[in-house]
Amino acid sequence: MSVKWNKTDKTTGELTFDIPQAEVKRGLDQAFKRVKNSLRVPGFRKGHVSRVIFDQYYGEESLYEDALNIVLPAAYSAAIKEADVAAVGQPQILPVSMEKGKDWQMKATVTVEPEVKLGEYKGIEVPKQNTRVYAKDIDAKLKEEREKNAELVLKKSAAAKGDTVTIDYKGTIDDKAFDGGSADDYSLELGSNTFIPGFEDQLIGHKAGDDVDVVVTFPEDYGAKDLAGKEAHFATKIHEVKSKQLPKLDDEFAKDVDDSVDTLDDLKEKIKKDLKAQKEDSAKEEIEQAAIEGAVNNATIDKIPDAMIQEDINTQMNQYLGNMQRQGISPETYYKITNTTEAQLRSQFAKDAEERVKTNLVLEAIVKKEEIKASKEEIDKEIKNLASEYNMDEKTVRNTLTDDMLSHDINVRKAIDIVADSAKQVAKSKIKEDEKKSDKK
């Protein structure tokens, strides 16, 4: 294949390439097969016209458009690969020459990735992370577990914040009932902020048997637009008031919380270990994010083509809605229950699209500079992991994803590790000082 690449500006170029006559012939043959059964030629039964007769009657040129559509995608992909061009978006391809019996010549206007000049990406200073587990952290976790295991006990005194009340309520606006405004025997924890702001507060200080006229105003941004900003009255009857009775903090409580421990001290030690692991995982993520952000900031990147921005938004949309569908929620249902539109979701993903594209470009540049290349064993392992994660068989994963796609993800993760593992944790005050010095330059 004859291929020529001419870069016309920083993110655009012209690619000229030939489609060999053998490929042209293959395309013509396939195009003829597609129309053969629908042809009507005098003296021939439908579907029994030979190629020679077709060419005499209609002319080979009548197949050119269909044949080009058949062979062009593969020819363009091969030309891009041979020219080693990082193309993005859809090209504009026009025929230069489509002479009978000769190679077809094409010219494509192609948008390409911007040039990336890496700065420092190793040894980047990031805020020091504290992974120490304090006694107050363990106490907070124990308090949380006691709250989970608390019993609700009837009380005769007035309801207080944290108590649970059983109520009937009937809501009206301008003396008219509205949908969703009434319920019987509803269990409500005061202070949980489950209801409209102000509702729960007005029940505090009342006892079982009391009738309370609760008056609240729906927030202006309330989900149901017909209720937003309106004042509502709720005729409320309190049937019961219950307070939480926390379990004693002893060995029996520890065994109830976790049957793998025997004593309260054992439970505290296990909580400490779990919290330590959580803090270390969180610290790793913070370091990784800060280090990559530093590598991106240190790099020089030409203007990002809009095609790359749109491609990123489409990818984010497809992944997000794909996850929803795996949970049984179609895009139409998602937009309905969230009271949003496709345009609003696109706008949401568009906010950080440029930064995501820049980050990916920098990581790909690091892959290239470090000469990172995924091994066959790593690709096989990736397939196994994906099959397990999405509950698919490995054959399906292999048929869905190419080795190039799998290698790209593996290589990018390795680049992230290089940046994150070499990062230096320093006090936040030092980073601020360095930023001030940099601003003065």
# chains A, B, ... in the order shown; residues from 1 in each chain; ligands from 1
$ residues_around --residues "A:Val96" --least-positions-apart "6" --cutoff "10 Å" --atoms "only C-alpha atoms" --output "list in words"
Thr16, Phe17, Asp18, Trp104, Gln105, Met106, Lys107 and Ala108 of chain A
$ select_by_dssp --residues "stretch 220-397 of chain A" --states "helix (DSSP H, G or I)" --output "number ranges by chain"
A: 251-257, 264-298, 306-326, 331-337, 342-350, 353-369, 376-389, 394-397
$ write_last_selection --atoms "C-alpha atoms" --output "compact mmCIF listing (two decimals), in the first residue's frame"
# COMPACT_ATOMS: atom_id res chain seq x y z
CA ASP A 251 -17.12 -8.66 75.63
CA GLU A 252 -20.66 -9.85 74.86
CA PHE A 253 -21.24 -6.78 72.71
CA ALA A 254 -17.94 -7.47 70.90
CA LYS A 255 -19.03 -11.04 70.06
CA ASP A 256 -22.41 -9.79 68.82
CA VAL A 257 -20.69 -7.35 66.48
CA LEU A 264 -13.77 -6.20 73.48
CA ASP A 265 -10.00 -5.74 73.22
CA ASP A 266 -9.95 -8.18 70.30
CA LEU A 267 -12.67 -6.15 68.58
CA LYS A 268 -10.77 -2.90 69.13
CA GLU A 269 -7.63 -4.45 67.65
CA LYS A 270 -9.53 -5.67 64.61
CA ILE A 271 -11.17 -2.28 64.13
CA LYS A 272 -7.75 -0.65 64.35
CA LYS A 273 -6.38 -3.01 61.69
CA ASP A 274 -9.33 -2.40 59.37
CA LEU A 275 -9.15 1.38 59.80
CA LYS A 276 -5.42 1.28 59.11
CA ALA A 277 -6.00 -0.57 55.83
CA GLN A 278 -8.73 1.91 54.85
CA LYS A 279 -6.50 4.90 55.58
CA GLU A 280 -3.62 3.38 53.63
CA ASP A 281 -5.87 2.72 50.62
CA SER A 282 -7.21 6.25 50.80
CA ALA A 283 -3.68 7.66 51.12
CA LYS A 284 -2.55 5.69 48.08
CA GLU A 285 -5.41 7.14 46.03
CA GLU A 286 -4.62 10.69 47.22
CA ILE A 287 -0.93 10.29 46.39
CA GLU A 288 -1.70 8.82 42.99
CA GLN A 289 -4.14 11.59 42.12
CA ALA A 290 -1.81 14.39 43.28
CA ALA A 291 1.22 12.89 41.50
CA ILE A 292 -0.62 12.45 38.20
CA GLU A 293 -2.01 15.97 38.47
CA GLY A 294 1.55 17.21 38.97
CA ALA A 295 2.79 15.28 35.92
CA VAL A 296 -0.01 16.78 33.80
CA ASN A 297 0.73 20.30 35.06
CA ASN A 298 4.42 19.86 34.25
CA ASP A 306 -12.82 19.13 19.95
CA ALA A 307 -13.11 15.64 18.46
CA MET A 308 -11.13 14.28 21.42
CA ILE A 309 -13.32 16.13 23.92
CA GLN A 310 -16.49 14.76 22.34
CA GLU A 311 -15.01 11.26 22.14
CA ASP A 312 -14.24 11.37 25.87
CA ILE A 313 -17.75 12.57 26.71
CA ASN A 314 -19.26 9.78 24.60
CA THR A 315 -17.06 7.22 26.36
CA GLN A 316 -18.06 8.48 29.81
CA MET A 317 -21.74 8.50 28.81
CA ASN A 318 -21.59 4.96 27.43
CA GLN A 319 -19.80 3.62 30.51
CA TYR A 320 -22.17 5.33 32.94
CA LEU A 321 -25.38 4.33 31.16
CA GLY A 322 -23.93 0.85 30.56
CA ASN A 323 -23.48 0.44 34.32
CA MET A 324 -27.09 1.57 34.82
CA GLN A 325 -28.34 -0.97 32.30
CA ARG A 326 -26.42 -3.77 34.05
CA PRO A 331 -31.38 5.27 29.84
CA GLU A 332 -35.01 6.34 29.49
CA THR A 333 -35.81 5.15 33.03
CA TYR A 334 -32.67 6.81 34.41
CA TYR A 335 -33.58 10.20 32.91
CA LYS A 336 -37.11 9.84 34.27
CA ILE A 337 -36.23 8.94 37.87
CA GLU A 342 -29.37 13.34 27.93
CA ALA A 343 -28.14 16.88 27.28
CA GLN A 344 -27.80 17.54 31.03
CA LEU A 345 -25.83 14.32 31.53
CA ARG A 346 -23.54 15.24 28.62
CA SER A 347 -23.03 18.66 30.16
CA GLN A 348 -22.09 17.03 33.47
CA PHE A 349 -19.40 14.88 31.84
CA ALA A 350 -18.22 17.78 29.68
CA ALA A 353 -13.52 16.19 29.80
CA GLU A 354 -10.52 18.31 28.80
CA GLU A 355 -8.66 17.43 31.99
CA ARG A 356 -9.35 13.71 31.48
CA VAL A 357 -8.06 13.93 27.90
CA LYS A 358 -4.91 15.76 29.00
CA THR A 359 -4.26 13.17 31.71
CA ASN A 360 -4.63 10.30 29.26
CA LEU A 361 -2.32 12.00 26.74
CA VAL A 362 0.38 12.48 29.38
CA LEU A 363 0.11 8.90 30.58
CA GLU A 364 0.34 7.62 27.00
CA ALA A 365 3.41 9.79 26.47
CA ILE A 366 4.97 8.24 29.59
CA VAL A 367 4.17 4.77 28.25
CA LYS A 368 6.02 5.65 25.06
CA LYS A 369 9.02 7.22 26.79
CA LYS A 376 1.00 -11.89 26.74
CA GLU A 377 0.73 -13.19 30.32
CA GLU A 378 -0.51 -9.79 31.52
CA ILE A 379 -3.09 -9.64 28.73
CA ASP A 380 -4.32 -13.15 29.60
CA LYS A 381 -4.59 -12.15 33.25
CA GLU A 382 -6.51 -9.00 32.31
CA ILE A 383 -9.01 -11.10 30.34
CA LYS A 384 -9.51 -13.41 33.33
CA ASN A 385 -10.05 -10.44 35.66
CA LEU A 386 -12.56 -8.77 33.32
CA ALA A 387 -14.43 -12.04 32.81
CA SER A 388 -14.71 -12.46 36.58
CA GLU A 389 -15.69 -8.83 37.21
CA GLU A 394 -13.21 -15.45 28.75
CA LYS A 395 -14.01 -16.21 25.11
CA THR A 396 -16.62 -13.44 25.05
CA VAL A 397 -14.12 -10.96 26.52
$ select_by_dssp --residues "stretch 178-360 of chain A" --states "strand (DSSP E or B)" --output "PyMOL selection string"
chain A and resi 178-189+211-217+231-245+300-301
$ residues_around --residues "A:Glu189" --least-positions-apart "6" --cutoff "9 Å" --atoms "only C-alpha atoms" --output "mmCIF file with N, CA and C atoms, in the first residue's frame"
data_model
loop_
_atom_site.group_PDB
_atom_site.id
_atom_site.type_symbol
_atom_site.label_atom_id
_atom_site.label_comp_id
_atom_site.auth_asym_id
_atom_site.auth_seq_id
_atom_site.Cartn_x
_atom_site.Cartn_y
_atom_site.Cartn_z
ATOM 1 N N LYS A 161 -34.528 14.763 70.259
ATOM 2 C CA LYS A 161 -33.754 14.465 69.048
ATOM 3 C C LYS A 161 -33.053 13.117 69.219
ATOM 4 N N GLY A 162 -33.165 12.264 68.231
ATOM 5 C CA GLY A 162 -32.587 10.924 68.309
ATOM 6 C C GLY A 162 -33.610 9.871 68.636
ATOM 7 N N ASP A 163 -34.763 10.290 69.189
ATOM 8 C CA ASP A 163 -35.849 9.348 69.463
ATOM 9 C C ASP A 163 -36.556 8.973 68.167
ATOM 10 N N THR A 164 -37.286 7.859 68.207
ATOM 11 C CA THR A 164 -38.077 7.413 67.061
ATOM 12 C C THR A 164 -39.549 7.490 67.426
ATOM 13 N N VAL A 165 -40.330 8.142 66.567
ATOM 14 C CA VAL A 165 -41.768 8.278 66.821
ATOM 15 C C VAL A 165 -42.547 7.522 65.750
ATOM 16 N N THR A 166 -43.687 6.961 66.160
ATOM 17 C CA THR A 166 -44.601 6.336 65.205
ATOM 18 C C THR A 166 -45.771 7.285 65.035
ATOM 19 N N GLU A 200 -39.398 17.462 61.421
ATOM 20 C CA GLU A 200 -38.999 16.655 62.580
ATOM 21 C C GLU A 200 -38.823 17.518 63.826
#
$ closest_residue --among "A:Lys81, A:Lys248, A:Lys428, A:Lys122" --to "A:Glu147" --atoms "only C-alpha atoms"
A:Lys248
$ residues_around --residues "stretch 112-118 of chain A" --least-positions-apart "3" --cutoff "7 Å" --atoms "only C-alpha atoms" --output "list of chain:residue names"
A:Lys10, A:Thr11, A:Thr12, A:Ala86, A:Ala87, A:Val88, A:Asn298, A:Ala299, A:Thr300, A:Ile301, A:Asp302, A:Lys303, A:Ile304, A:Val362, A:Ala365
$ residues_around --residues "stretch 206-214 of chain A" --least-positions-apart "5" --cutoff "8 Å" --atoms "only C-alpha atoms" --output "number ranges by chain"
A: 156-159, 199, 233-241
$ write_last_selection --atoms "C-alpha atoms" --output "PDB file, in the first residue's frame"
ATOM      1  CA  LYS A 156     -43.591   8.229  78.419  1.00  0.00           C
ATOM      2  CA  SER A 157     -41.724  11.505  78.397  1.00  0.00           C
ATOM      3  CA  ALA A 158     -41.554  13.981  75.516  1.00  0.00           C
ATOM      4  CA  ALA A 159     -39.753  13.114  72.298  1.00  0.00           C
ATOM      5  CA  PHE A 199     -40.939  18.777  60.089  1.00  0.00           C
ATOM      6  CA  HIS A 233     -49.869  21.734  56.868  1.00  0.00           C
ATOM      7  CA  PHE A 234     -49.487  18.203  58.242  1.00  0.00           C
ATOM      8  CA  ALA A 235     -52.097  17.028  60.762  1.00  0.00           C
ATOM      9  CA  THR A 236     -49.908  14.652  62.765  1.00  0.00           C
ATOM     10  CA  LYS A 237     -50.857  12.123  65.449  1.00  0.00           C
ATOM     11  CA  ILE A 238     -48.074  10.704  67.647  1.00  0.00           C
ATOM     12  CA  HIS A 239     -48.778   7.105  68.643  1.00  0.00           C
ATOM     13  CA  GLU A 240     -45.488   6.097  70.242  1.00  0.00           C
ATOM     14  CA  VAL A 241     -42.194   7.604  71.321  1.00  0.00           C
TER      15      VAL A 241
END
$ atom_distance --atom1 "atom CA of A:Leu68" --atom2 "atom CA of A:Lys100"
13.0 Å
$ closest_residue --among "A:Leu142, A:Ile80, A:Val85, A:Val126" --to "A:Val426" --atoms "only C-alpha atoms"
A:Val126
$ closest_residue --among "A:Ala423, A:Ala374, A:Leu72, A:Ala177" --to "A:His408" --atoms "only C-alpha atoms"
A:Ala374
$ atom_distance --atom1 "atom CA of A:Val49" --atom2 "atom CA of A:Lys36"
6.9 Å
$ atom_distance --atom1 "atom CA of A:Asn149" --atom2 "atom CA of A:Tyr169"
28.4 Å
